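*Asks:* Here you go, this is protein_0.tsv (TSV, N, CA and C atoms).
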```tsv
chain	number	residue	atom	x	y	z
E	16	MET	N	81.38	80.17	93.82
E	16	MET	CA	81.31	79.81	95.21
E	16	MET	C	80.15	80.60	95.86
E	17	THR	N	79.31	79.92	96.57
E	17	THR	CA	78.15	80.57	97.18
E	17	THR	C	78.57	81.35	98.43
E	18	GLN	N	77.68	82.22	98.85
E	18	GLN	CA	77.97	83.04	100.02
E	18	GLN	C	78.06	82.18	101.28
E	19	LYS	N	77.23	81.16	101.34
E	19	LYS	CA	77.24	80.27	102.50
E	19	LYS	C	78.58	79.52	102.60
E	20	THR	N	79.10	79.11	101.45
E	20	THR	CA	80.40	78.43	101.42
E	20	THR	C	81.51	79.37	101.86
E	21	ARG	N	81.46	80.60	101.39
E	21	ARG	CA	82.46	81.60	101.79
E	21	ARG	C	82.43	81.85	103.28
E	22	GLN	N	81.23	81.97	103.84
E	22	GLN	CA	81.10	82.18	105.27
E	22	GLN	C	81.65	81.00	106.05
E	23	TRP	N	81.36	79.81	105.58
E	23	TRP	CA	81.85	78.61	106.23
E	23	TRP	C	83.37	78.56	106.18
E	24	LEU	N	83.95	78.83	105.00
E	24	LEU	CA	85.41	78.83	104.86
E	24	LEU	C	86.06	79.90	105.73
E	25	ARG	N	85.41	81.04	105.83
E	25	ARG	CA	85.93	82.11	106.68
E	25	ARG	C	85.94	81.67	108.14
E	26	LEU	N	84.85	81.04	108.57
E	26	LEU	CA	84.76	80.56	109.95
E	26	LEU	C	85.83	79.51	110.22
E	27	VAL	N	86.01	78.61	109.28
E	27	VAL	CA	87.04	77.57	109.43
E	27	VAL	C	88.44	78.21	109.50
E	28	GLY	N	88.69	79.21	108.64
E	28	GLY	CA	89.97	79.90	108.65
E	28	GLY	C	90.24	80.60	109.98
E	29	ILE	N	89.23	81.26	110.52
E	29	ILE	CA	89.37	81.93	111.80
E	29	ILE	C	89.63	80.91	112.91
E	30	ALA	N	88.91	79.80	112.86
E	30	ALA	CA	89.09	78.76	113.87
E	30	ALA	C	90.50	78.17	113.80
E	31	ILE	N	90.98	77.90	112.61
E	31	ILE	CA	92.34	77.34	112.46
E	31	ILE	C	93.38	78.34	112.94
E	32	ALA	N	93.21	79.61	112.58
E	32	ALA	CA	94.16	80.64	113.03
E	32	ALA	C	94.16	80.77	114.55
E	33	THR	N	92.98	80.72	115.15
E	33	THR	CA	92.88	80.81	116.61
E	33	THR	C	93.54	79.61	117.27
E	34	ILE	N	93.27	78.42	116.77
E	34	ILE	CA	93.88	77.21	117.33
E	34	ILE	C	95.40	77.26	117.18
E	35	LEU	N	95.87	77.69	116.03
E	35	LEU	CA	97.31	77.80	115.80
E	35	LEU	C	97.95	78.81	116.75
E	36	LEU	N	97.30	79.94	116.94
E	36	LEU	CA	97.83	80.96	117.84
E	36	LEU	C	97.87	80.45	119.27
E	37	ILE	N	96.81	79.79	119.71
E	37	ILE	CA	96.79	79.24	121.07
E	37	ILE	C	97.87	78.18	121.24
E	38	TRP	N	98.06	77.35	120.23
E	38	TRP	CA	99.08	76.31	120.30
E	38	TRP	C	100.48	76.92	120.40
E	39	VAL	N	100.74	77.95	119.59
E	39	VAL	CA	102.06	78.60	119.63
E	39	VAL	C	102.31	79.25	120.99
E	40	ILE	N	101.28	79.91	121.53
E	40	ILE	CA	101.44	80.54	122.85
E	40	ILE	C	101.65	79.48	123.93
E	41	GLN	N	100.92	78.38	123.86
E	41	GLN	CA	101.09	77.31	124.84
E	41	GLN	C	102.47	76.67	124.73
E	42	ARG	N	102.94	76.52	123.52
E	42	ARG	CA	104.22	75.83	123.30
E	42	ARG	C	105.41	76.69	123.70
E	43	TYR	N	105.40	77.95	123.32
E	43	TYR	CA	106.57	78.79	123.53
E	43	TYR	C	106.38	79.80	124.66
E	44	GLY	N	105.18	80.13	125.00
E	44	GLY	CA	104.93	81.12	126.03
E	44	GLY	C	105.00	82.52	125.45
E	45	ILE	N	104.23	83.42	126.05
E	45	ILE	CA	104.15	84.79	125.53
E	45	ILE	C	105.47	85.53	125.70
E	46	SER	N	106.21	85.25	126.77
E	46	SER	CA	107.49	85.95	126.97
E	46	SER	C	108.51	85.54	125.90
E	47	GLN	N	108.51	84.26	125.52
E	47	GLN	CA	109.41	83.81	124.46
E	47	GLN	C	109.02	84.43	123.12
E	48	LEU	N	107.71	84.51	122.86
E	48	LEU	CA	107.26	85.14	121.62
E	48	LEU	C	107.64	86.61	121.57
E	49	ARG	N	107.47	87.32	122.69
E	49	ARG	CA	107.87	88.72	122.72
E	49	ARG	C	109.37	88.89	122.50
E	50	ALA	N	110.16	88.00	123.06
E	50	ALA	CA	111.61	88.06	122.85
E	50	ALA	C	111.94	87.83	121.38
E	51	ASN	N	111.25	86.89	120.74
E	51	ASN	CA	111.46	86.65	119.32
E	51	ASN	C	111.04	87.84	118.48
E	52	VAL	N	109.95	88.49	118.87
E	52	VAL	CA	109.48	89.66	118.15
E	52	VAL	C	110.49	90.80	118.28
E	53	GLU	N	111.07	90.95	119.45
E	53	GLU	CA	112.08	92.00	119.65
E	53	GLU	C	113.31	91.78	118.77
E	54	THR	N	113.66	90.54	118.51
E	54	THR	CA	114.81	90.27	117.64
E	54	THR	C	114.50	90.59	116.18
E	55	LEU	N	113.22	90.63	115.82
E	55	LEU	CA	112.84	90.96	114.45
E	55	LEU	C	113.00	92.44	114.15
E	56	GLY	N	113.08	93.25	115.19
E	56	GLY	CA	113.28	94.68	115.01
E	56	GLY	C	112.05	95.33	114.43
E	57	VAL	N	112.26	96.13	113.40
E	57	VAL	CA	111.17	96.91	112.80
E	57	VAL	C	110.25	96.05	111.94
E	58	TRP	N	110.64	94.83	111.61
E	58	TRP	CA	109.85	93.99	110.70
E	58	TRP	C	108.56	93.50	111.35
E	59	ALA	N	108.55	93.26	112.64
E	59	ALA	CA	107.33	92.79	113.32
E	59	ALA	C	106.23	93.85	113.28
E	60	PRO	N	106.51	95.11	113.68
E	60	PRO	CA	105.46	96.12	113.56
E	60	PRO	C	105.02	96.36	112.12
E	61	LEU	N	105.96	96.28	111.18
E	61	LEU	CA	105.59	96.46	109.77
E	61	LEU	C	104.69	95.33	109.27
E	62	ALA	N	104.96	94.11	109.71
E	62	ALA	CA	104.12	92.98	109.31
E	62	ALA	C	102.72	93.13	109.90
E	63	LEU	N	102.63	93.51	111.16
E	63	LEU	CA	101.33	93.72	111.78
E	63	LEU	C	100.60	94.89	111.14
E	64	PHE	N	101.34	95.95	110.78
E	64	PHE	CA	100.75	97.08	110.07
E	64	PHE	C	100.15	96.61	108.75
E	65	PHE	N	100.90	95.83	107.99
E	65	PHE	CA	100.43	95.34	106.70
E	65	PHE	C	99.20	94.44	106.85
E	66	LEU	N	99.22	93.55	107.85
E	66	LEU	CA	98.07	92.67	108.07
E	66	LEU	C	96.81	93.46	108.40
E	67	ARG	N	96.94	94.43	109.30
E	67	ARG	CA	95.78	95.25	109.67
E	67	ARG	C	95.33	96.12	108.50
E	68	PHE	N	96.29	96.68	107.76
E	68	PHE	CA	95.99	97.53	106.61
E	68	PHE	C	95.15	96.76	105.59
E	69	THR	N	95.58	95.56	105.26
E	69	THR	CA	94.85	94.77	104.26
E	69	THR	C	93.49	94.33	104.79
E	70	SER	N	93.38	94.09	106.11
E	70	SER	CA	92.09	93.67	106.65
E	70	SER	C	91.07	94.79	106.63
E	71	VAL	N	91.50	96.04	106.62
E	71	VAL	CA	90.56	97.16	106.54
E	71	VAL	C	90.21	97.45	105.08
E	72	VAL	N	91.18	97.39	104.20
E	72	VAL	CA	90.92	97.66	102.78
E	72	VAL	C	90.09	96.54	102.16
E	73	ILE	N	90.34	95.31	102.57
E	73	ILE	CA	89.57	94.16	102.10
E	73	ILE	C	88.72	93.68	103.28
E	74	PRO	N	87.48	94.12	103.38
E	74	PRO	CA	86.70	93.88	104.59
E	74	PRO	C	86.41	92.42	104.92
E	75	ALA	N	86.61	91.51	104.01
E	75	ALA	CA	86.32	90.10	104.29
E	75	ALA	C	87.35	89.49	105.24
E	76	LEU	N	88.51	90.11	105.39
E	76	LEU	CA	89.54	89.59	106.27
E	76	LEU	C	89.30	90.05	107.70
E	77	PRO	N	89.51	89.18	108.68
E	77	PRO	CA	89.28	89.59	110.08
E	77	PRO	C	90.38	90.52	110.57
E	78	GLY	N	90.01	91.65	111.12
E	78	GLY	CA	90.99	92.63	111.58
E	78	GLY	C	91.19	92.67	113.07
E	79	THR	N	90.20	92.24	113.83
E	79	THR	CA	90.29	92.31	115.28
E	79	THR	C	91.40	91.42	115.81
E	80	ALA	N	91.60	90.29	115.20
E	80	ALA	CA	92.66	89.39	115.65
E	80	ALA	C	94.03	90.05	115.54
E	81	TYR	N	94.23	90.84	114.49
E	81	TYR	CA	95.52	91.52	114.33
E	81	TYR	C	95.71	92.60	115.39
E	82	SER	N	94.63	93.21	115.81
E	82	SER	CA	94.73	94.21	116.87
E	82	SER	C	95.15	93.56	118.18
E	83	VAL	N	94.53	92.45	118.50
E	83	VAL	CA	94.87	91.73	119.72
E	83	VAL	C	96.30	91.21	119.64
E	84	LEU	N	96.68	90.70	118.49
E	84	LEU	CA	98.03	90.19	118.30
E	84	LEU	C	99.07	91.30	118.45
E	85	ALA	N	98.78	92.47	117.90
E	85	ALA	CA	99.71	93.59	118.03
E	85	ALA	C	99.87	94.00	119.48
E	86	GLY	N	98.77	94.05	120.22
E	86	GLY	CA	98.86	94.40	121.63
E	86	GLY	C	99.59	93.36	122.44
E	87	GLY	N	99.37	92.10	122.12
E	87	GLY	CA	100.03	91.02	122.86
E	87	GLY	C	101.52	90.91	122.59
E	88	LEU	N	101.91	91.14	121.34
E	88	LEU	CA	103.31	90.95	120.97
E	88	LEU	C	104.15	92.22	121.12
E	89	LEU	N	103.56	93.36	120.83
E	89	LEU	CA	104.33	94.61	120.85
E	89	LEU	C	104.14	95.40	122.14
E	90	GLY	N	103.18	95.02	122.94
E	90	GLY	CA	102.84	95.80	124.11
E	90	GLY	C	101.70	96.75	123.76
E	91	PHE	N	101.06	97.28	124.80
E	91	PHE	CA	99.86	98.08	124.57
E	91	PHE	C	100.14	99.34	123.76
E	92	SER	N	101.08	100.14	124.18
E	92	SER	CA	101.29	101.45	123.53
E	92	SER	C	101.81	101.31	122.11
E	93	GLN	N	102.80	100.46	121.89
E	93	GLN	CA	103.33	100.29	120.53
E	93	GLN	C	102.31	99.58	119.64
E	94	GLY	N	101.61	98.60	120.17
E	94	GLY	CA	100.57	97.91	119.40
E	94	GLY	C	99.45	98.85	119.01
E	95	LEU	N	99.04	99.71	119.96
E	95	LEU	CA	98.00	100.69	119.67
E	95	LEU	C	98.45	101.67	118.60
E	96	ALA	N	99.70	102.10	118.67
E	96	ALA	CA	100.22	103.04	117.68
E	96	ALA	C	100.24	102.40	116.28
E	97	VAL	N	100.68	101.16	116.19
E	97	VAL	CA	100.74	100.47	114.90
E	97	VAL	C	99.33	100.30	114.33
E	98	ILE	N	98.38	99.88	115.16
E	98	ILE	CA	97.01	99.65	114.69
E	98	ILE	C	96.35	100.97	114.29
E	99	CYS	N	96.54	102.01	115.08
E	99	CYS	CA	95.95	103.31	114.73
E	99	CYS	C	96.52	103.85	113.43
E	100	LEU	N	97.82	103.75	113.25
E	100	LEU	CA	98.45	104.21	112.01
E	100	LEU	C	97.95	103.40	110.81
E	101	ALA	N	97.85	102.09	110.99
E	101	ALA	CA	97.35	101.24	109.90
E	101	ALA	C	95.90	101.59	109.56
E	102	ASP	N	95.10	101.85	110.59
E	102	ASP	CA	93.69	102.20	110.35
E	102	ASP	C	93.57	103.55	109.63
E	103	ILE	N	94.36	104.52	110.05
E	103	ILE	CA	94.31	105.83	109.40
E	103	ILE	C	94.71	105.72	107.93
E	104	CYS	N	95.79	105.01	107.66
E	104	CYS	CA	96.26	104.87	106.27
E	104	CYS	C	95.28	104.07	105.42
E	105	SER	N	94.76	102.97	105.96
E	105	SER	CA	93.86	102.14	105.17
E	105	SER	C	92.51	102.81	104.96
E	106	CYS	N	92.01	103.52	105.96
E	106	CYS	CA	90.74	104.24	105.77
E	106	CYS	C	90.91	105.39	104.77
E	107	SER	N	92.06	106.04	104.81
E	107	SER	CA	92.32	107.10	103.84
E	107	SER	C	92.38	106.54	102.42
E	108	LEU	N	93.04	105.39	102.27
E	108	LEU	CA	93.09	104.75	100.96
E	108	LEU	C	91.70	104.32	100.50
E	109	SER	N	90.91	103.76	101.40
E	109	SER	CA	89.55	103.36	101.05
E	109	SER	C	88.72	104.55	100.63
E	110	PHE	N	88.84	105.65	101.35
E	110	PHE	CA	88.10	106.86	100.98
E	110	PHE	C	88.56	107.38	99.62
E	111	PHE	N	89.86	107.38	99.38
E	111	PHE	CA	90.39	107.83	98.09
E	111	PHE	C	89.85	106.95	96.96
E	112	LEU	N	89.87	105.63	97.16
E	112	LEU	CA	89.38	104.73	96.13
E	112	LEU	C	87.89	104.93	95.87
E	113	SER	N	87.13	105.18	96.94
E	113	SER	CA	85.70	105.39	96.74
E	113	SER	C	85.43	106.70	96.01
E	114	ARG	N	86.22	107.72	96.27
E	114	ARG	CA	86.05	108.99	95.56
E	114	ARG	C	86.53	108.88	94.12
E	115	GLN	N	87.56	108.09	93.89
E	115	GLN	CA	88.14	107.95	92.56
E	115	GLN	C	87.23	107.15	91.63
E	116	PHE	N	86.75	106.02	92.11
E	116	PHE	CA	85.97	105.13	91.25
E	116	PHE	C	84.47	105.35	91.39
E	117	GLY	N	84.03	105.76	92.53
E	117	GLY	CA	82.66	106.18	92.73
E	117	GLY	C	81.62	105.08	92.73
E	118	ARG	N	80.42	105.55	92.75
E	118	ARG	CA	79.25	104.70	92.88
E	118	ARG	C	79.01	103.83	91.63
E	119	SER	N	79.36	104.34	90.47
E	119	SER	CA	79.11	103.57	89.24
E	119	SER	C	79.92	102.27	89.22
E	120	PHE	N	81.14	102.31	89.74
E	120	PHE	CA	81.96	101.11	89.80
E	120	PHE	C	81.34	100.07	90.74
E	121	VAL	N	80.85	100.54	91.87
E	121	VAL	CA	80.23	99.63	92.84
E	121	VAL	C	78.96	99.03	92.26
E	122	LYS	N	78.18	99.83	91.53
E	122	LYS	CA	76.97	99.31	90.89
E	122	LYS	C	77.31	98.19	89.90
E	123	ARG	N	78.35	98.40	89.13
E	123	ARG	CA	78.76	97.36	88.17
E	123	ARG	C	79.27	96.13	88.89
E	124	LEU	N	79.91	96.33	90.04
E	124	LEU	CA	80.51	95.23	90.78
E	124	LEU	C	79.46	94.38	91.49
E	125	ILE	N	78.51	95.00	92.17
E	125	ILE	CA	77.56	94.24	92.98
E	125	ILE	C	76.15	94.20	92.42
E	126	GLY	N	75.84	95.04	91.46
E	126	GLY	CA	74.53	95.01	90.83
E	126	GLY	C	73.59	96.07	91.37
E	127	GLU	N	72.62	96.40	90.55
E	127	GLU	CA	71.65	97.46	90.87
E	127	GLU	C	70.76	97.08	92.05
E	128	LYS	N	70.38	95.81	92.12
E	128	LYS	CA	69.46	95.37	93.18
E	128	LYS	C	70.11	95.49	94.56
E	129	PHE	N	71.36	95.08	94.66
E	129	PHE	CA	72.04	95.13	95.96
E	129	PHE	C	72.34	96.57	96.38
E	130	ILE	N	72.65	97.44	95.43
E	130	ILE	CA	72.94	98.84	95.77
E	130	ILE	C	71.68	99.51	96.31
E	131	ALA	N	70.50	99.10	95.83
E	131	ALA	CA	69.24	99.62	96.37
E	131	ALA	C	69.05	99.18	97.82
E	132	ARG	N	69.44	97.95	98.12
E	132	ARG	CA	69.36	97.46	99.50
E	132	ARG	C	70.31	98.23	100.41
E	133	VAL	N	71.50	98.53	99.92
E	133	VAL	CA	72.47	99.32	100.70
E	133	VAL	C	71.92	100.72	100.95
E	134	ASP	N	71.32	101.33	99.94
E	134	ASP	CA	70.73	102.66	100.11
E	134	ASP	C	69.60	102.65	101.13
E	135	THR	N	68.76	101.63	101.07
E	135	THR	CA	67.65	101.51	102.02
E	135	THR	C	68.18	101.35	103.44
E	136	LEU	N	69.17	100.50	103.61
E	136	LEU	CA	69.77	100.30	104.92
E	136	LEU	C	70.40	101.59	105.44
E	137	SER	N	71.07	102.30	104.56
E	137	SER	CA	71.71	103.56	104.95
E	137	SER	C	70.68	104.59	105.39
E	138	GLN	N	69.62	104.74	104.64
E	138	GLN	CA	68.60	105.72	104.99
E	138	GLN	C	67.87	105.33	106.27
E	139	LYS	N	67.68	104.04	106.46
E	139	LYS	CA	66.92	103.56	107.59
E	139	LYS	C	67.70	103.66	108.90
E	140	HIS	N	69.00	103.32	108.86
E	140	HIS	CA	69.75	103.19	110.11
E	140	HIS	C	70.90	104.19	110.25
E	141	LEU	N	71.68	104.35	109.21
E	141	LEU	CA	72.89	105.16	109.33
E	141	LEU	C	72.61	106.64	109.52
E	142	GLU	N	71.73	107.19	108.74
E	142	GLU	CA	71.54	108.63	108.75
E	142	GLU	C	70.86	109.13	110.03
E	143	ARG	N	70.25	108.25	110.77
E	143	ARG	CA	69.61	108.63	112.03
E	143	ARG	C	70.53	108.43	113.23
E	144	ASN	N	71.63	107.74	113.06
E	144	ASN	CA	72.50	107.41	114.18
E	144	ASN	C	73.82	108.16	114.02
E	145	PHE	N	74.07	109.09	114.91
E	145	PHE	CA	75.29	109.91	114.85
E	145	PHE	C	76.55	109.08	114.92
E	146	PHE	N	76.57	108.08	115.79
E	146	PHE	CA	77.78	107.26	115.97
E	146	PHE	C	78.08	106.42	114.75
E	147	LEU	N	77.06	105.85	114.11
E	147	LEU	CA	77.30	105.07	112.90
E	147	LEU	C	77.74	105.96	111.74
E	148	MET	N	77.21	107.17	111.64
E	148	MET	CA	77.63	108.09	110.59
E	148	MET	C	79.09	108.51	110.79
E	149	THR	N	79.48	108.67	112.03
E	149	THR	CA	80.85	109.07	112.32
E	149	THR	C	81.78	107.96	111.98
```
Here is the file; what I need is its structure written in the form of structure tokens.

*Replies:*
Amino acid sequence: MTQKTRQWLRLVGIAIATILLIWVIQRYGISQLRANVETLGVWAPLALFFLRFTSVVIPALPGTAYSVLAGGLLGFSQGLAVICLADICSCSLSFFLSRQFGRSFVKRLIGEKFIARVDTLSQKHLERNFFLMT
């Protein structure tokens, strides 16, 4: 599958998810959805945690939508707590995996040519920008 096809499929997936979410909100209303989420108990925050966790570990998945969904369904403070916890755990796992498998695994996965492009980009932009390095 080519990169252009993947990008197109990703865009279509995001569009379908957005349309589905808007339809559900229009049909049932946000207050009804929140009431349904409250009946789920601890399973709703765990599901949102898992969705956000996987979207950070696997960068091809959209993560911003899960943040908005968590805030809309769980409320600002609980949604923020779930998203922050998921981000901390997933970033820690990503860092552990990168330290465990290292650069040689990535070279085998994406190739020598692409890793040189990543290095060039890093030296050109990342190392000069404090916020991007952070």

*Asks:* Rounded to one decimal place, report the CA of Leu63 in chain E-atom N of Ala32 in chain E distance in Å.

*Replies:* 16.3 Å

*Asks:* Quick check, in Å to one decimal: how far apart do CA of Phe65 in chain E and CA of Ala101 in chain E lie?

*Replies:*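 Separation of CA of Phe65 in chain E and CA of Ala101 in chain E: 7.4 Å.
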
*Asks:* Grab the atom N of Trp23 in chain E to CA of Leu76 in chain E distance for me, in Å with one decimal place.

*Replies:*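 We find that atom N of Trp23 in chain E and CA of Leu76 in chain E lie 12.8 Å from each other.
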
*Asks:* Which residue is closest to Val72 in chain E? Choose from E:Leu24, E:Leu112, E:Cys99, E:Cys106 and count all atoms listed in the file.

*Replies:*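 For Val72 in chain E, the nearest of the given residues is E:Cys106.
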
*Asks:* As an MDAnalysis selection string, please: all residues of chain E that backbone DSSP puts in alpha helix (DSSP H).

*Replies:* chainID E and resid 18:43 45:55 58:72 79:89 91:125 127:136 145:148

*Asks:* So which one's closest to Val97 in chain E, E:Thr17, E:Arg67, E:Thr33, E:Arg143? Using only N, CA and C atoms, please.

*Replies:* E:Arg67

*Asks:* For each of E:Ser119, E:Ser82, E:Ser107, E:Ser70, take the minimum atom-to-atom distance to Leu95 in chain E, counting all atoms listed in the file, then give the residue where this is smallest.

*Replies:*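 Of E:Ser119, E:Ser82, E:Ser107, E:Ser70, the one nearest Leu95 in chain E is E:Ser82, counting all atoms listed in the file.
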
*Asks:* Between E:Ser109, E:Gly126, E:Pro77, E:Gln93, which is the closest to Ile29 in chain E once you count all atoms listed in the file?

*Replies:*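 Closest residue, counting all atoms listed in the file: E:Pro77.
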
*Asks:* My list of candidates is E:Leu124, E:Ile130, E:Ile34, E:Leu61. Which is closest to Ile98 in chain E when distances are computed with only C-alpha atoms?

*Replies:*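 The closest residue to Ile98 in chain E is E:Leu61.
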